[in-house]
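Taking it in order: structure first as structure tokens, then the write-up.
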There are 4 protein chains.
Amino acid sequence: MKTETIILKGHIIDSLIFAKVLDTILQVGGTFDISEIDIGKTREDPSIVKISIQAESSALLEKILQAVQPHGAVVEEISDCTTLKAPQDGVLPDSFYATSHLATQVRLKGQWVDVEAIEMDLAIHVQFDPPQATAIPMARVKRGDYIVTGRNGIHVFPLERPKGRDVFSFMEAQVSSERPNKHIIADIAKRMRMIRDNRLKALSQGADAANSELGTKVLLVGGPAIVHSGGRDALSWLIDEGYIHVLFCGNARPTHDMEASLFGTSLGFGLSAGDIAPHGHEHHLRTINKIRGLGSIKQAVESGVIKEGIMASCVRQNVDMVLAGSIRDDGPLPDVITDSVKAQDAMRAALPDVGLALMVATTLHAIATGNCLPAKVPSVCVDINPAVPTKLSDRGSFQAVGLVMDSSSFLKELARELNWSG
Amino acid sequence: MKTETIILKGHIIDSLIFAKVLDTILQVGGTFDISEIDIGKTREDPSIVKISIQAESSALLEKILQAVQPHGAVVEEISDCTTLKAPQDGVLPDSFYATSHLATQVRLKGQWVDVEAIEMDLAIHVQFDPPQATAIPMARVKRGDYIVTGRNGIHVFPLERPKGRDVFSFMEAQVSSERPNKHIIADIAKRMRMIRDNRLKALSQGADAANSELGTKVLLVGGPAIVHSGGRDALSWLIDEGYIHVLFCGNARPTHDMEASLFGTSLGFGLSAGDIAPHGHEHHLRTINKIRGLGSIKQAVESGVIKEGIMASCVRQNVDMVLAGSIRDDGPLPDVITDSVKAQDAMRAALPDVGLALMVATTLHAIATGNCLPAKVPSVCVDINPAVPTKLSDRGSFQAVGLVMDSSSFLKELARELNWSG
Amino acid sequence: MKTETIILKGHIIDSLIFAKVLDTILQVGGTFDISEIDIGKTREDPSIVKISIQAESSALLEKILQAVQPHGAVVEEISDCTTLKAPQDGVLPDSFYATSHLATQVRLKGQWVDVEAIEMDLAIHVQFDPPQATAIPMARVKRGDYIVTGRNGIHVFPLERPKGRDVFSFMEAQVSSERPNKHIIADIAKRMRMIRDNRLKALSQGADAANSELGTKVLLVGGPAIVHSGGRDALSWLIDEGYIHVLFCGNARPTHDMEASLFGTSLGFGLSAGDIAPHGHEHHLRTINKIRGLGSIKQAVESGVIKEGIMASCVRQNVDMVLAGSIRDDGPLPDVITDSVKAQDAMRAALPDVGLALMVATTLHAIATGNCLPAKVPSVCVDINPAVPTKLSDRGSFQAVGLVMDSSSFLKELARELNWSG
Amino acid sequence: MKTETIILKGHIIDSLIFAKVLDTILQVGGTFDISEIDIGKTREDPSIVKISIQAESSALLEKILQAVQPHGAVVEEISDCTTLKAPQDGVLPDSFYATSHLATQVRLKGQWVDVEAIEMDLAIHVQFDPPQATAIPMARVKRGDYIVTGRNGIHVFPLERPKGRDVFSFMEAQVSSERPNKHIIADIAKRMRMIRDNRLKALSQGADAANSELGTKVLLVGGPAIVHSGGRDALSWLIDEGYIHVLFCGNARPTHDMEASLFGTSLGFGLSAGDIAPHGHEHHLRTINKIRGLGSIKQAVESGVIKEGIMASCVRQNVDMVLAGSIRDDGPLPDVITDSVKAQDAMRAALPDVGLALMVATTLHAIATGNCLPAKVPSVCVDINPAVPTKLSDRGSFQAVGLVMDSSSFLKELARELNWSG
């Protein structure tokens, strides 16, 4: 029988962490004794528990330790993290530690150091003098980089239930088309107002004056259905009013939007008359060709070719846009980053200070964004298909709130909550 | 080689009827010659075609004739319809003719007679003196009733494409969550206004003054999601404004609605605060019990126990309500018809003069209603799940327009189109 | 500040009960002190915790007590349960206690008594001499019956995590089309084998010889898609081999099955050739009419009219069948119970000794069955639409395992696991 | 009133082309006279019709002509196609003609020339001496290329209903989870056998000996669900038996497959035991890293690191693989083409001689493939979500047969039809 003692600290009772750890030990096949327990008597008091884990083999014990680590379990005997050099450019040492999107520290020379730019499924690159740790994508690692391996000297901080009582305080996505959405949207709107205020404070009084926990940017990740289902006006208004600061999308959504501006259609569907215009996909292609000729979306807006809509609002409001290509794209638009690794880098570069992520009517981009977002960023995934939020949650973004409704209804209700009169 | 000549008349070209008949003959395994053809040169002119069908066996020829009949094909040699007596109460003769929901005539004593109360999947009960024909459900047939058998002397009138260019003129459901819904909703609203005007004319000047083709009633068939998704206020407003005249539902929707009135929750979800009230299903049960104690919904509204909401509006506006029971019901409410055959009869009794059917967020009731509705009644099926309109269409209600969106967004947009300020 | 002390006992740690209670207190708005805690050091040892709850008002305290009761919380000061007489037939006292589907005891004359026939959303009817308690549907209560009210003297026993490591040990439905289903099906098959063995033991050696915890019956609740998607042969085989003992369905599934036997089609789709037979719905209606003429399904099978298929297997194997009507039914078949309250009674009567419930391709019947099943019965909900298992879980049947696949693939894989060679 | 006369020729009656053209004229807002009509009396005889179209303005007439062109309508007065030079690299002339995926000819110097490499949503690049026409993606056009503009001198050949009576002869996707799938799968298997035989003939006797209409390659486009839902063995078998010749996928599916080979898990789900391995996403990342270290999938298989599974079978059977990157990818694998425009080129290069396309459990890759496939290639889209085949059809691939089932059930049933014993 192999044993190891772990320690759990913090709000481990009301955040369900204590229960999950015990549950996990049993699930994976071990047993436990509670060797010490000191439970905080009120919500504010932290608790501390020591748990002695038993397992039939070292391999099983290792498996259990691996499984409880994301819940914040730390082995009692603390040592520095171990590292190995990357053997080639773009290749990690075999035993590299794979990150979660929870806040993480590593122990270097006896000192706990925050891992910068944390994101799920990356490796941790460390430097020793001064001690420094950064999450790094596999494709970006260089031969000889020191990469954290194994599990020692790594501390993961699970999300604690926030004190607020809004929709983001539930911490686990619950997806159902039968839950009322009005108050979820009200909570989103409230947070958008707070972030806008915080941003204005940061701009006028400097970044230090702002609440860094809250963030100063709202990210919208949006699919083409926003335009054809009729959510274009509401979204343009949200951008014009300063509620959106970063936009991720593919090639289709901006094309649909500019097709609406140039031709009054979206994928050939007339937006100002219900019947199908007989142009089918043609306007889509002509729009892309027109913008390619002009060189960029910015140029198209500034030259007056594109007069209104989502892209026009984005250009005017200086929204930070990342257009990522995919193999189904026509054209694509000149602004599209066709290389997926470069597009990921561009998305990552836009994420700092994002305090709310809205992922609307897009599966691919929602999952891609979920992959890059730290768990602490409140996230909402809106889709008419309940499988999309479920998929996002299955991919690890458990913290995203799922909302099952059509994108245009969502954007309109959201804008109305913020006093849109459309 | 067996042959039979059929005749097609009317707007058979632009309504695609001619093409479908030829297609059907080939699909089932026959061949054809066009023996005569006279195509109307403009949209207004009717066409006439004689088609000689060949098949390898009498059985196959019969199969082909059966298949082309719903498209309006009539065999050249016309005879009276054949009939047999029903052998028992509730049992039809083996070879009974099963109706479609298209307008139908039968030939009795050399005379074409309209089949009254046409509806899909029923039998035709005839009387000879005077000649009369009525569609009759299997369970309602009496021993000795004369029932139409075989296929002779029966003329089905396929839908012709209406002249209007609104959403109802497409005649075949196309379901996709990616089509814009704004104009579909505008077309529905327009028709609701027209029906309300027509109804007012009928009420003030007598039924004959009204347009009987247009109808004087709007039917709403609604599921419980209307309440929990937040569409209650919009629907109450539509009823109060006189836009809804018949309501079909089950036990759950009215209970949710009255739970909201009594407790401010719907299935335990607080409607005025986003979090889950800890009452779960209790309020639902207490609501049913309360109404059972009072004897009826009408009594609950008139006694002031239920002050507002969908049911209160229905009682005040004298909306004709049919509540049909199902095996998943709690209680049920005292107004619920628990016997499904009696509930179908009650639904049928409420259908005459319905000029628009809105089926919102309910699969069971939508299909049940589709089964009873003549094809000529414009119908809309709204659901967040695209499988529901598809299923309705698979069940024969091909004319229903499908709309993929959440019910509360639909009702709010519809009410706003009709000048709701909510 | 109002306070009350509650006690939790049992495997409250690894079954997450302790965590959920603390969580619930905070969610509803109270605070707590842990006044005593004694945690079992191993999985086998029970734990005991006393929690002092504080709330700002009596109303809030009551709300908290109500919310923690389903987790097994008992107030320290124990008294008998309170009762009131039912004011009318079919009407409960206003303050009646609404049951959950968890095992429950009430305290009568100082003695804890099991509530018989427990099921969610019912009332508890008690008799005092001798002390006896039974769950009772609202519609079945008689004026003057003693009905439990309030929350005192009621003890709910939450599910504890079973020791087995099969799919049923997870205790909370997780629905995703992306999880592997092979091993879930293997676990189901294993349990079906165990129940069949247990049943044979009960039949040969008497009920006492059997494992009453395991049960002696498998319930299949099935929708019409079983037949048209092609699962008929596999299901018939399962019945013939003695793996299914109770069958719940509506009017459509048995009709489709017997249509296949009589005409080789299901809703007009040829089952032995992929194209659409031109009969549409006709065969469906002729099948119903034929069975109505014969008087019952049993008669149709025994007279040789129906030779093979699901219903034939059921009749031959003496499967206990409940056919419940609904408003979308044609006919219906003579065996269908058209009154929904009577149909519920018939379903309840068939449930004792059910040790596994398989709900396949049906929303309505799955929810109706979930409403009547005690939480301890392992349940599986199979549907191609992930919204169906989610809905079942939303309706309270949290213990049901969800499986997203088409019904025919499920039944074939299940039968193959049990050595079907089809 | 503006008028133009068009001519329709061929099997325009039973392929519904005649009906659709008349319908389209009316829908867009014109009227017509049938100036000449000569209908073939049997299925084999072609028909010819001249239709005089009237419209209120030149713009409307142009719109109508544009709308009827894809149905094969040719204006009576025939002229050469018009062309303009591309103004920049990657930019087309404003009025470029956008292709459909139907067979197309252009008229150059009085001669009708086939457009090579036809595919939807491209432009047509022509050369005059000798006359030659090729479909060209926007991004690949060079400054000065002659590009077809307008609509003159272009002839589109609509699909005619094939003589065969298999599932591919319906020509329009019908998606429903309620249709039987057994015979659709049998038809697919039959075609796979025919293509394999044809391929063997081409290999042994030379390309000219084979049936070029039938094709010599089967394309599988597959998503990651194939592996986690349990379809890996069946697909590997299909490849080993020579039924699959081209494979399109992303980064995830091959990684899942090789993760199964290296670790026995897929995204951390144990494939040989139902419970969740506690490794989560780690194995996924370690697999990618391992293959990156080895340099390629081919190298991983040939060095014996990857011993079995889909990728191993592909390498051994020399299947032509295109792995296209996307922004949600981890790693990615070294074989992944991360640039989307280059990935499209690679897909195009693999398409000649494909005679059947199976798109299984992938939305993105299915649509991308649909974009590149000529309409004449029989296609099947399998997904558990009915929205995926609908979306494919909405994007223009109307000819794809939709099948709503989980991917593993599909692959197993397909393999069993081809005598797999797994």
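Residues in the structure tokens are named by chain (A, B, ... in the order shown) and by number from 1 within that chain; ligands are numbered from 1 in the order shown.
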
Requested in this report: Find the residues near region 195-210 of chain D: any atom within 10 Å, counting only C-alpha atoms, skip ones fewer than 3 places away on the same chain, and give them as a PyMOL selection string.
Outcome: chain D and resi 189-192+213-218+241-245+353-356

Query raised in the report: Mind checking DSSP for region 39-248 of chain B and telling me the helix (DSSP H, G or I) residues as an NGL selection string?
Result: :B and (58-71 or 138-140 or 167-169 or 182-205 or 207-209 or 225-228 or 232-240)

Report task. List the neighbours of Ser57 (chain A) out to 9 Å using only C-alpha atoms; skip same-chain residues closer than 3 positions along the sequence, and give me the result as a ChimeraX atom specification. Result -> /A:1-2,54,60-62

**Report entry** 8 Å contact set for Ile337 (chain B), only C-alpha atoms, chain neighbours under 6 positions out, as a ChimeraX atom specification
**Finding:** /B:322-325,343

Query raised in the report: Which residue, D:Gly40, D:Gly230, D:Pro131, D:Gly90, has the smallest gap to chain A when you use only C-alpha atoms?
Result: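 Among the listed residues, the smallest separation from chain A belongs to D:Gly90.
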
Requested in this report: Please provide the set of residues having any atom within 10 Å of Ile25 (chain B), restricted to only C-alpha atoms, with same-chain residues fewer than 5 positions apart removed, written as a ChimeraX atom specification.
Outcome: /B:20,30-32,53-55,61,63-65,67-68 /D:14

Which residues of chain C come within 8 Å of chain B, and for each one, what is the closest pair of atoms and their distance in Å to one decimal, counting only C-alpha atoms, sorted by chain and residue number, as a Markdown table?
```
| residue | atom | partner | partner_atom | distance |
| --- | --- | --- | --- | --- |
| C:Val28 | CA | B:Pro278 | CA | 7.3 |
| C:Lys63 | CA | B:Pro278 | CA | 7.0 |
| C:Ile64 | CA | B:Pro278 | CA | 7.8 |
| C:Gln66 | CA | B:Pro278 | CA | 7.4 |
| C:Ala67 | CA | B:Pro278 | CA | 5.3 |
| C:Gln88 | CA | B:Gly293 | CA | 7.5 |
| C:Gly90 | CA | B:Arg292 | CA | 7.5 |
| C:Val91 | CA | B:Gly293 | CA | 5.8 |
| C:Leu92 | CA | B:Asn289 | CA | 6.4 |
| C:Asp94 | CA | B:Arg286 | CA | 7.0 |
| C:Ala98 | CA | B:Glu282 | CA | 6.2 |
| C:Asp121 | CA | B:Leu285 | CA | 7.1 |
| C:Pro137 | CA | B:Gly331 | CA | 7.4 |
| C:Met138 | CA | B:Gly331 | CA | 5.6 |
| C:Ala139 | CA | B:Gly331 | CA | 5.9 |
| C:Ala277 | CA | B:Val28 | CA | 7.9 |
| C:Pro278 | CA | B:Ala67 | CA | 5.4 |
| C:His279 | CA | B:Ala67 | CA | 7.2 |
| C:His281 | CA | B:Asp121 | CA | 7.2 |
| C:Glu282 | CA | B:Ala98 | CA | 6.2 |
| C:Leu285 | CA | B:Asp121 | CA | 7.1 |
| C:Arg286 | CA | B:Asp94 | CA | 7.0 |
| C:Asn289 | CA | B:Val91 | CA | 5.8 |
| C:Lys290 | CA | B:Asp94 | CA | 7.3 |
| C:Arg292 | CA | B:Val91 | CA | 6.2 |
| C:Gly293 | CA | B:Val91 | CA | 5.8 |
| C:Ala324 | CA | B:Ile327 | CA | 7.1 |
| C:Gly325 | CA | B:Ser340 | CA | 6.2 |
| C:Ser326 | CA | B:Ser340 | CA | 5.4 |
| C:Ile327 | CA | B:Ser340 | CA | 4.8 |
| C:Arg328 | CA | B:Ala368 | CA | 4.0 |
| C:Asp329 | CA | B:Ala368 | CA | 7.6 |
| C:Asp330 | CA | B:Asp121 | CA | 7.5 |
| C:Gly331 | CA | B:Met138 | CA | 5.5 |
| C:Pro332 | CA | B:Ala139 | CA | 7.4 |
| C:Thr338 | CA | B:Asp339 | CA | 5.2 |
| C:Asp339 | CA | B:Asp339 | CA | 4.1 |
| C:Ser340 | CA | B:Ile327 | CA | 4.8 |
| C:Val341 | CA | B:Thr338 | CA | 6.7 |
| C:Ala343 | CA | B:Ile327 | CA | 6.6 |
| C:Gln344 | CA | B:Ile327 | CA | 6.0 |
| C:Leu364 | CA | B:Arg328 | CA | 6.8 |
| C:His365 | CA | B:Arg328 | CA | 7.3 |
| C:Ile367 | CA | B:Arg328 | CA | 6.2 |
| C:Ala368 | CA | B:Arg328 | CA | 4.0 |
| C:Thr369 | CA | B:Arg328 | CA | 7.7 |
| C:Asn371 | CA | B:Arg328 | CA | 7.1 |
```

File of the preceding selection, N, CA and C atoms, as a short mmCIF file (atom, residue, chain, number, x, y, z; two decimals), in the first residue's frame:
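Contents of result_31.cif, freshly written:
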```
data_model
loop_
_atom_site.label_atom_id
_atom_site.label_comp_id
_atom_site.auth_asym_id
_atom_site.auth_seq_id
_atom_site.Cartn_x
_atom_site.Cartn_y
_atom_site.Cartn_z
N VAL C 28 -29.29 30.01 -0.67
CA VAL C 28 -30.61 30.54 -0.32
C VAL C 28 -30.48 31.84 0.48
N LYS C 63 -37.34 28.60 4.43
CA LYS C 63 -36.94 28.35 3.05
C LYS C 63 -35.68 27.49 3.01
N ILE C 64 -34.74 27.82 3.89
CA ILE C 64 -33.49 27.05 3.93
C ILE C 64 -33.76 25.62 4.38
N GLN C 66 -36.43 23.92 4.10
CA GLN C 66 -37.11 23.24 3.01
C GLN C 66 -36.11 22.79 1.95
N ALA C 67 -35.16 23.65 1.68
CA ALA C 67 -34.20 23.35 0.61
C ALA C 67 -33.20 22.28 1.00
N GLN C 88 -61.71 18.11 0.14
CA GLN C 88 -62.64 17.58 -0.86
C GLN C 88 -61.99 16.35 -1.50
N GLY C 90 -60.10 14.70 -4.24
CA GLY C 90 -59.21 15.22 -5.28
C GLY C 90 -58.54 16.54 -4.93
N VAL C 91 -58.69 17.01 -3.71
CA VAL C 91 -58.06 18.27 -3.32
C VAL C 91 -57.33 18.06 -1.99
N LEU C 92 -56.09 18.54 -1.94
CA LEU C 92 -55.26 18.37 -0.75
C LEU C 92 -55.36 19.59 0.15
N ASP C 94 -54.05 22.87 1.84
CA ASP C 94 -53.14 23.86 1.23
C ASP C 94 -51.67 23.60 1.53
N ALA C 98 -45.12 17.96 -0.41
CA ALA C 98 -44.97 17.35 -1.74
C ALA C 98 -43.73 16.46 -1.73
N ASP C 121 -43.61 14.28 -6.40
CA ASP C 121 -44.75 15.17 -6.64
C ASP C 121 -46.09 14.61 -6.22
N PRO C 137 -51.47 10.16 -5.27
CA PRO C 137 -51.66 11.22 -6.27
C PRO C 137 -52.83 12.12 -5.87
N MET C 138 -52.72 13.37 -6.22
CA MET C 138 -53.75 14.36 -5.88
C MET C 138 -55.15 13.90 -6.31
N ALA C 139 -55.22 13.35 -7.51
CA ALA C 139 -56.54 12.98 -8.05
C ALA C 139 -57.16 11.81 -7.30
N ALA C 277 -42.98 3.81 -49.80
CA ALA C 277 -44.18 3.22 -50.38
C ALA C 277 -45.20 4.33 -50.52
N PRO C 278 -46.05 4.27 -51.54
CA PRO C 278 -46.95 5.40 -51.77
C PRO C 278 -48.19 5.36 -50.89
N HIS C 279 -48.18 4.59 -49.84
CA HIS C 279 -49.38 4.43 -49.03
C HIS C 279 -49.44 5.46 -47.92
N HIS C 281 -49.75 7.25 -44.79
CA HIS C 281 -50.26 6.92 -43.48
C HIS C 281 -51.32 5.82 -43.52
N GLU C 282 -51.71 5.39 -44.71
CA GLU C 282 -52.85 4.47 -44.82
C GLU C 282 -52.68 3.16 -44.08
N LEU C 285 -53.40 3.40 -40.47
CA LEU C 285 -54.82 3.42 -40.12
C LEU C 285 -55.46 2.05 -40.30
N ARG C 286 -55.10 1.36 -41.38
CA ARG C 286 -55.69 0.04 -41.63
C ARG C 286 -55.29 -0.94 -40.52
N ASN C 289 -57.41 -0.20 -37.48
CA ASN C 289 -58.78 -0.64 -37.72
C ASN C 289 -58.90 -2.16 -37.61
N LYS C 290 -57.91 -2.84 -38.17
CA LYS C 290 -57.89 -4.31 -38.12
C LYS C 290 -57.86 -4.81 -36.66
N ARG C 292 -58.71 -3.13 -33.97
CA ARG C 292 -59.99 -2.76 -33.32
C ARG C 292 -61.05 -3.80 -33.63
N GLY C 293 -61.08 -4.25 -34.89
CA GLY C 293 -62.06 -5.26 -35.28
C GLY C 293 -61.85 -6.55 -34.50
N ALA C 324 -50.60 3.91 -23.20
CA ALA C 324 -51.25 5.13 -22.73
C ALA C 324 -51.58 6.03 -23.91
N GLY C 325 -52.78 6.55 -23.95
CA GLY C 325 -53.22 7.36 -25.08
C GLY C 325 -52.68 8.77 -25.04
N SER C 326 -52.72 9.42 -26.19
CA SER C 326 -52.41 10.85 -26.25
C SER C 326 -53.24 11.49 -27.35
N ILE C 327 -53.32 12.80 -27.31
CA ILE C 327 -54.20 13.51 -28.24
C ILE C 327 -53.76 13.45 -29.69
N ARG C 328 -52.55 12.97 -29.96
CA ARG C 328 -52.18 12.91 -31.37
C ARG C 328 -52.52 11.54 -31.97
N ASP C 329 -53.15 10.65 -31.20
CA ASP C 329 -53.37 9.28 -31.66
C ASP C 329 -54.43 9.18 -32.74
N ASP C 330 -54.16 8.31 -33.71
CA ASP C 330 -55.21 7.82 -34.60
C ASP C 330 -55.85 6.62 -33.93
N GLY C 331 -57.09 6.41 -34.19
CA GLY C 331 -57.82 5.24 -33.69
C GLY C 331 -58.44 5.46 -32.35
N PRO C 332 -57.85 5.04 -31.26
CA PRO C 332 -56.59 4.32 -31.13
C PRO C 332 -56.81 2.80 -31.09
N THR C 338 -57.21 5.50 -22.79
CA THR C 338 -57.29 6.87 -23.31
C THR C 338 -57.33 7.91 -22.19
N ASP C 339 -57.71 7.51 -20.99
CA ASP C 339 -57.76 8.48 -19.89
C ASP C 339 -56.39 8.55 -19.21
N SER C 340 -55.84 9.76 -19.15
CA SER C 340 -54.45 9.87 -18.70
C SER C 340 -54.30 9.57 -17.21
N VAL C 341 -55.30 9.86 -16.41
CA VAL C 341 -55.19 9.57 -14.98
C VAL C 341 -55.23 8.06 -14.75
N ALA C 343 -54.33 5.87 -16.98
CA ALA C 343 -53.09 5.33 -17.55
C ALA C 343 -51.95 5.45 -16.54
N GLN C 344 -51.89 6.57 -15.84
CA GLN C 344 -50.87 6.73 -14.79
C GLN C 344 -51.03 5.64 -13.72
N LEU C 364 -42.32 12.07 -24.16
CA LEU C 364 -43.52 12.10 -23.32
C LEU C 364 -43.54 10.93 -22.34
N HIS C 365 -43.36 9.73 -22.85
CA HIS C 365 -43.45 8.55 -21.99
C HIS C 365 -42.26 8.47 -21.04
N ILE C 367 -40.72 11.03 -19.64
CA ILE C 367 -40.96 11.94 -18.52
C ILE C 367 -42.08 11.39 -17.63
N ALA C 368 -43.11 10.85 -18.24
CA ALA C 368 -44.21 10.27 -17.45
C ALA C 368 -43.68 9.14 -16.57
N THR C 369 -42.81 8.32 -17.12
CA THR C 369 -42.25 7.21 -16.35
C THR C 369 -41.33 7.74 -15.26
N ASN C 371 -41.56 10.41 -13.73
CA ASN C 371 -42.39 10.94 -12.65
C ASN C 371 -42.82 9.86 -11.66
#
```

**Report entry** Residues near Trp112 (chain D), cut-off 12 Å, only C-alpha atoms, skip fewer than 3 positions along chain, as a PyMOL selection string
**Finding:** chain D and resi 78-81+104-109+115+131-133+153-156

Store the residues picked out above, limited to N, CA and C atoms, as a PDB file, in the first residue's frame.
```pdb
ATOM      1  N   ILE D  78     -27.848  33.164 -78.985  1.00  0.00           N
ATOM      2  CA  ILE D  78     -26.632  32.746 -78.317  1.00  0.00           C
ATOM      3  C   ILE D  78     -25.428  33.546 -78.812  1.00  0.00           C
ATOM      4  N   SER D  79     -24.615  33.953 -77.863  1.00  0.00           N
ATOM      5  CA  SER D  79     -23.381  34.657 -78.227  1.00  0.00           C
ATOM      6  C   SER D  79     -22.241  34.056 -77.424  1.00  0.00           C
ATOM      7  N   ASP D  80     -21.036  34.467 -77.734  1.00  0.00           N
ATOM      8  CA  ASP D  80     -19.887  34.040 -76.933  1.00  0.00           C
ATOM      9  C   ASP D  80     -19.994  34.608 -75.522  1.00  0.00           C
ATOM     10  N   CYS D  81     -19.305  33.969 -74.599  1.00  0.00           N
ATOM     11  CA  CYS D  81     -19.248  34.546 -73.255  1.00  0.00           C
ATOM     12  C   CYS D  81     -18.362  35.788 -73.301  1.00  0.00           C
ATOM     13  N   THR D 104     -20.767  22.755 -66.433  1.00  0.00           N
ATOM     14  CA  THR D 104     -20.944  24.063 -67.076  1.00  0.00           C
ATOM     15  C   THR D 104     -20.104  24.126 -68.353  1.00  0.00           C
ATOM     16  N   GLN D 105     -20.662  24.786 -69.379  1.00  0.00           N
ATOM     17  CA  GLN D 105     -19.891  25.078 -70.588  1.00  0.00           C
ATOM     18  C   GLN D 105     -19.906  26.584 -70.832  1.00  0.00           C
ATOM     19  N   VAL D 106     -18.831  27.073 -71.440  1.00  0.00           N
ATOM     20  CA  VAL D 106     -18.852  28.471 -71.901  1.00  0.00           C
ATOM     21  C   VAL D 106     -18.600  28.464 -73.406  1.00  0.00           C
ATOM     22  N   ARG D 107     -19.094  29.497 -74.062  1.00  0.00           N
ATOM     23  CA  ARG D 107     -18.968  29.575 -75.522  1.00  0.00           C
ATOM     24  C   ARG D 107     -17.803  30.507 -75.854  1.00  0.00           C
ATOM     25  N   LEU D 108     -16.805  29.929 -76.483  1.00  0.00           N
ATOM     26  CA  LEU D 108     -15.594  30.676 -76.859  1.00  0.00           C
ATOM     27  C   LEU D 108     -15.415  30.549 -78.359  1.00  0.00           C
ATOM     28  N   LYS D 109     -15.324  31.649 -79.045  1.00  0.00           N
ATOM     29  CA  LYS D 109     -15.166  31.644 -80.505  1.00  0.00           C
ATOM     30  C   LYS D 109     -16.158  30.707 -81.183  1.00  0.00           C
ATOM     31  N   VAL D 115     -16.141  23.601 -68.766  1.00  0.00           N
ATOM     32  CA  VAL D 115     -15.329  24.238 -67.728  1.00  0.00           C
ATOM     33  C   VAL D 115     -14.706  23.128 -66.879  1.00  0.00           C
ATOM     34  N   PRO D 131      -9.156  27.146 -77.272  1.00  0.00           N
ATOM     35  CA  PRO D 131     -10.186  27.516 -76.303  1.00  0.00           C
ATOM     36  C   PRO D 131     -10.164  26.570 -75.106  1.00  0.00           C
ATOM     37  N   GLN D 132     -10.142  27.137 -73.909  1.00  0.00           N
ATOM     38  CA  GLN D 132     -10.018  26.346 -72.694  1.00  0.00           C
ATOM     39  C   GLN D 132     -10.623  27.132 -71.537  1.00  0.00           C
ATOM     40  N   ALA D 133     -11.269  26.422 -70.640  1.00  0.00           N
ATOM     41  CA  ALA D 133     -11.919  27.118 -69.517  1.00  0.00           C
ATOM     42  C   ALA D 133     -11.721  26.295 -68.254  1.00  0.00           C
ATOM     43  N   GLY D 153     -23.489  33.312 -73.060  1.00  0.00           N
ATOM     44  CA  GLY D 153     -22.581  32.271 -73.508  1.00  0.00           C
ATOM     45  C   GLY D 153     -22.173  31.296 -72.429  1.00  0.00           C
ATOM     46  N   ILE D 154     -23.037  31.114 -71.437  1.00  0.00           N
ATOM     47  CA  ILE D 154     -22.760  30.164 -70.353  1.00  0.00           C
ATOM     48  C   ILE D 154     -23.915  29.180 -70.283  1.00  0.00           C
ATOM     49  N   HIS D 155     -23.618  27.899 -70.265  1.00  0.00           N
ATOM     50  CA  HIS D 155     -24.658  26.878 -70.211  1.00  0.00           C
ATOM     51  C   HIS D 155     -24.403  25.963 -69.017  1.00  0.00           C
ATOM     52  N   VAL D 156     -25.387  25.953 -68.114  1.00  0.00           N
ATOM     53  CA  VAL D 156     -25.287  25.101 -66.933  1.00  0.00           C
ATOM     54  C   VAL D 156     -26.136  23.863 -67.177  1.00  0.00           C
TER      55      VAL D 156
END
```
